[in-house]
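File shown here: model-v5.txt, holding compact mmCIF, C-alpha atoms.
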```txt
# COMPACT_ATOMS: atom_id res chain seq x y z
CA MET B 1 -15.89 40.48 -24.84
CA TYR B 2 -17.85 37.22 -24.58
CA THR B 3 -20.66 36.04 -26.81
CA LEU B 4 -22.99 33.40 -25.38
CA TYR B 5 -24.99 31.58 -28.05
CA TYR B 6 -28.27 29.94 -27.12
CA LEU B 7 -31.28 28.15 -28.53
CA ASN B 8 -34.72 29.20 -27.29
CA ARG B 9 -37.81 27.00 -27.02
CA ASN B 10 -38.57 27.62 -30.72
CA LEU B 11 -35.04 26.39 -31.56
CA GLN B 12 -34.05 29.84 -32.81
CA LEU B 13 -30.43 30.83 -32.32
CA GLY B 14 -29.74 33.94 -30.25
CA ALA B 15 -26.74 35.60 -28.64
CA ILE B 16 -25.92 37.56 -25.51
CA LYS B 17 -22.80 39.76 -25.37
CA THR B 18 -21.04 40.63 -22.12
CA ASP B 19 -17.70 42.19 -21.24
CA SER B 20 -17.05 39.77 -18.40
CA LEU B 21 -18.45 36.51 -17.08
CA ASP B 22 -17.56 37.63 -13.56
CA VAL B 23 -20.82 39.59 -13.45
CA PRO B 24 -24.24 37.88 -13.55
CA VAL B 25 -25.74 37.64 -17.07
CA LEU B 26 -29.50 38.18 -17.31
CA ILE B 27 -31.32 35.43 -19.24
CA PRO B 28 -33.75 37.17 -21.68
CA GLU B 29 -35.97 34.14 -22.44
CA ASP B 30 -36.17 30.39 -21.75
CA LEU B 31 -33.02 29.02 -23.35
CA VAL B 32 -30.21 26.48 -23.48
CA PHE B 33 -26.65 27.76 -24.00
CA CYS B 34 -25.03 25.96 -26.92
CA ASN B 35 -21.77 27.80 -27.57
CA LEU B 36 -19.39 30.36 -26.09
CA ARG B 37 -16.97 32.71 -27.80
CA LYS B 38 -14.32 34.98 -26.29
CA ASP B 39 -13.44 37.75 -28.75
CA ILE B 40 -13.15 35.78 -32.04
CA ASN B 41 -12.30 32.35 -30.57
CA PHE B 42 -14.89 29.73 -29.72
CA ILE B 43 -14.31 27.99 -26.38
CA LYS B 44 -14.88 24.24 -26.59
CA GLU B 45 -14.07 23.62 -22.91
CA PRO B 46 -15.74 26.41 -20.91
CA HIS B 47 -14.18 27.53 -17.63
CA LYS B 48 -15.20 25.38 -14.66
CA CYS B 49 -16.45 28.48 -12.82
CA ILE B 50 -19.14 29.30 -15.38
CA ASP B 51 -22.42 27.85 -14.14
CA PHE B 52 -23.23 25.87 -17.30
CA THR B 53 -25.28 22.70 -16.90
CA ASP B 54 -23.81 19.34 -17.89
CA PHE B 55 -26.11 19.31 -20.92
CA GLU B 56 -24.88 22.75 -22.03
CA ARG B 57 -21.26 21.65 -21.62
CA LEU B 58 -21.99 18.56 -23.72
CA LEU B 59 -23.46 20.75 -26.48
CA MET B 60 -20.43 23.04 -26.47
CA MET B 61 -17.82 20.30 -26.47
CA SER B 62 -19.38 18.07 -29.14
CA GLU B 63 -20.12 18.43 -32.82
CA PHE B 64 -23.78 18.28 -31.93
CA ASN B 65 -26.19 18.75 -34.84
CA ASP B 66 -29.48 17.14 -33.73
CA VAL B 67 -31.49 20.05 -32.31
CA ALA B 68 -34.48 17.75 -31.66
CA LEU B 69 -32.66 16.50 -28.54
CA ILE B 70 -32.67 20.05 -27.16
CA LYS B 71 -36.48 20.03 -26.96
CA ASP B 72 -36.11 17.61 -24.05
CA GLY B 73 -33.31 19.64 -22.47
CA ASP B 74 -33.47 21.53 -19.20
CA TYR B 75 -34.12 25.15 -20.21
CA ARG B 76 -32.95 28.07 -18.16
CA LYS B 77 -35.84 30.29 -17.15
CA GLN B 78 -36.41 33.82 -18.40
CA ASN B 79 -35.23 36.57 -16.00
CA SER B 80 -32.87 34.24 -14.15
CA TYR B 81 -29.08 34.73 -14.21
CA LEU B 82 -26.03 32.88 -15.43
CA ILE B 83 -23.63 33.35 -12.51
CA ARG B 84 -20.00 32.64 -11.82
CA LEU B 85 -19.01 30.01 -9.28
CA CYS B 86 -15.56 31.55 -8.70
CA PRO B 87 -13.49 34.31 -10.41
CA ILE B 88 -13.24 33.76 -14.17
CA ASP B 89 -11.59 36.73 -15.84
CA GLY B 90 -10.01 38.85 -13.22
CA THR B 91 -8.15 39.00 -10.01
CA PRO B 92 -10.34 38.27 -7.00
CA LEU B 93 -11.16 41.34 -4.92
CA ILE B 94 -9.73 40.65 -1.47
CA LEU B 95 -9.34 43.09 1.41
CA ASP B 96 -6.11 41.98 3.10
CA SER B 97 -6.03 44.00 6.32
CA VAL B 98 -7.25 47.05 8.19
CA THR B 99 -4.96 48.59 10.78
CA PHE B 100 -4.71 51.86 12.68
CA ALA B 101 -2.51 53.27 9.92
CA SER B 102 -3.77 51.64 6.71
CA ILE B 103 -6.27 49.67 4.70
CA ASN B 104 -4.48 47.16 2.43
CA TRP B 105 -5.42 45.31 -0.74
CA ASN B 106 -3.91 44.38 -4.09
CA TYR B 107 -6.21 44.78 -7.10
CA PRO B 108 -5.49 45.99 -10.65
CA THR B 109 -8.19 48.71 -10.84
CA ILE B 110 -9.54 51.51 -8.67
CA VAL B 111 -12.14 50.43 -6.11
CA ASP B 112 -14.22 52.15 -3.45
CA VAL B 113 -13.53 51.47 0.22
CA GLU B 114 -16.81 51.13 2.07
CA GLU B 115 -17.53 51.14 5.81
CA SER B 116 -20.40 50.04 8.01
CA VAL B 117 -21.35 50.42 11.67
CA ASP B 118 -23.59 47.34 11.65
CA ASN B 119 -21.97 45.06 9.02
CA VAL B 120 -25.15 45.42 6.95
CA THR B 121 -25.43 48.91 5.46
CA PHE B 122 -22.20 50.08 3.80
CA THR B 123 -21.33 53.60 2.64
CA VAL B 124 -18.24 54.98 0.93
CA TYR B 125 -15.49 55.49 3.50
CA GLU B 126 -14.31 59.04 4.24
CA ALA B 127 -10.55 58.94 3.81
CA ASP B 128 -8.18 59.57 6.71
CA LEU B 129 -10.70 59.02 9.53
CA ILE B 130 -9.08 55.79 10.62
CA ASN B 131 -5.44 56.89 10.54
CA THR B 132 -5.67 60.29 12.23
CA ALA B 133 -4.35 60.53 15.76
CA ILE B 134 -6.28 58.19 18.02
CA ASN B 135 -9.70 59.66 17.58
CA ASP B 136 -12.12 59.19 20.45
CA ASN B 137 -14.94 60.38 18.21
CA TYR B 138 -14.41 57.57 15.72
CA ARG B 139 -16.49 54.43 16.20
CA ALA B 140 -15.06 51.70 18.40
CA LYS B 141 -16.03 49.03 15.86
CA THR B 142 -16.31 49.40 12.07
CA TRP B 143 -16.54 46.91 9.20
CA PHE B 144 -14.79 47.53 5.89
CA ARG B 145 -15.09 46.07 2.41
CA LEU B 146 -14.07 46.99 -1.14
CA HIS B 147 -16.42 47.56 -4.09
CA ASP B 148 -15.47 47.36 -7.77
CA LYS B 149 -18.22 49.49 -9.34
CA VAL B 150 -17.37 48.46 -12.91
CA LEU B 151 -17.78 44.70 -12.31
CA ASN B 152 -20.15 45.27 -9.36
CA ILE B 153 -18.28 42.84 -7.11
CA TYR B 154 -17.48 43.13 -3.42
CA SER B 155 -14.58 41.92 -1.34
CA ASN B 156 -14.61 40.10 1.93
CA VAL B 157 -15.52 42.13 5.04
CA ILE B 158 -12.98 42.88 7.78
CA GLU B 159 -13.91 44.12 11.24
CA TYR B 160 -11.79 46.96 12.62
CA THR B 161 -11.70 47.73 16.35
CA ARG B 162 -10.31 51.13 17.37
CA PRO B 163 -7.24 50.86 19.63
CA GLU B 164 -7.84 52.06 23.16
```
Take the structure I supplied and represent it as structure tokens, if you would.
Amino acid sequence: MYTLYYLNRNLQLGAIKTDSLDVPVLIPEDLVFCNLRKDINFIKEPHKCIDFTDFERLLMMSEFNDVALIKDGDYRKQNSYLIRLCPIDGTPLILDSVTFASINWNYPTIVDVEESVDNVTFTVYEADLINTAINDNYRAKTWFRLHDKVLNIYSNVIEYTRPE
């Protein structure tokens, strides 16, 4: 559990709690992040993949007490998102390969396998279609990806071409 502390335009302290920084965090009002805590420990050097501004990183790493300087700071806008620049907490979700006999990945939690006929609209894959006997009714070309519903992250997409 993370707690993101911020100061709003009225210099009032607020907090946002999130289970993971791998998912986008909705910004509730114009604010500047000033501190970060994971569980009970404050983090003085935030992970490089958290999209904090240089000013926010300066606030977190210093013993900063002059809130008047924040009035001139670059505020994040309400209804925008704090996003990750690369994986922070967990294992990246990577689809390794798709073959006639299998779909392979290594990830610590259960994910959905999704398929698409146009590499745009994905639906949950119906198991065992790809690895039945060569199936002339199955599409010649299909794209696959993985979806972690809990963190709402997607893997890379792999194109599968049915063997002739």
*asked:* Counting only C-alpha atoms, which residue out of B:Ala140, B:Ile153, B:Met61, B:Leu11 sits closest to B:Thr91?
replied: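 For B:Thr91, the nearest of the given residues is B:Ile153.
With distances restricted to all atoms listed in the file, B:Tyr154 is the closest residue to B:Pro92 from B:Leu31, B:Pro24, B:Tyr154, B:Lys17.
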*What is the distance between atom CA of B:Phe33 and atom CA of B:Phe52, in Å to one decimal?*
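Between atom CA of B:Phe33 and atom CA of B:Phe52 the gap works out to 7.8 Å.
Compared by their closest atoms to B:Ser20, and using all atoms listed in the file, the residues B:Ile88, B:Ile103, B:Leu69, B:Leu146 rank with B:Ile88 nearest.
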_Between atom CA of B:Ser80 and atom CA of B:Ile16, what distance in Å does the model show, to one decimal?_
13.7 Å
*Straight-line distance linking atom CA of B:Pro108 with atom CA of B:Lys149, stated in Å to one decimal*: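 That distance, rounded to one decimal, is 13.3 Å.
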*Excluding B:Leu95 and residues on its chain fewer than 5 positions from it, collect all residues at most 9 Å away from it, counting all atoms listed in the file, and give them as a PyMOL selection string.*
chain B and resi 103-106+144-146+155-158
*asked:* For a quick check of your reading of the model, name the residues lying within 7 Å of the coordinate (-39.1, 32.9, -26.2), counting only C-alpha atoms, and write them as a PyMOL selection string.
replied: chain B and resi 8-10+29-30
Mind writing the picked residues with C-alpha atoms as a CSV table (one decimal), in the coordinates of the input?
```csv
chain,number,residue,atom,x,y,z
B,8,ASN,CA,-34.7,29.2,-27.3
B,9,ARG,CA,-37.8,27.0,-27.0
B,10,ASN,CA,-38.6,27.6,-30.7
B,29,GLU,CA,-36.0,34.1,-22.4
B,30,ASP,CA,-36.2,30.4,-21.8
```
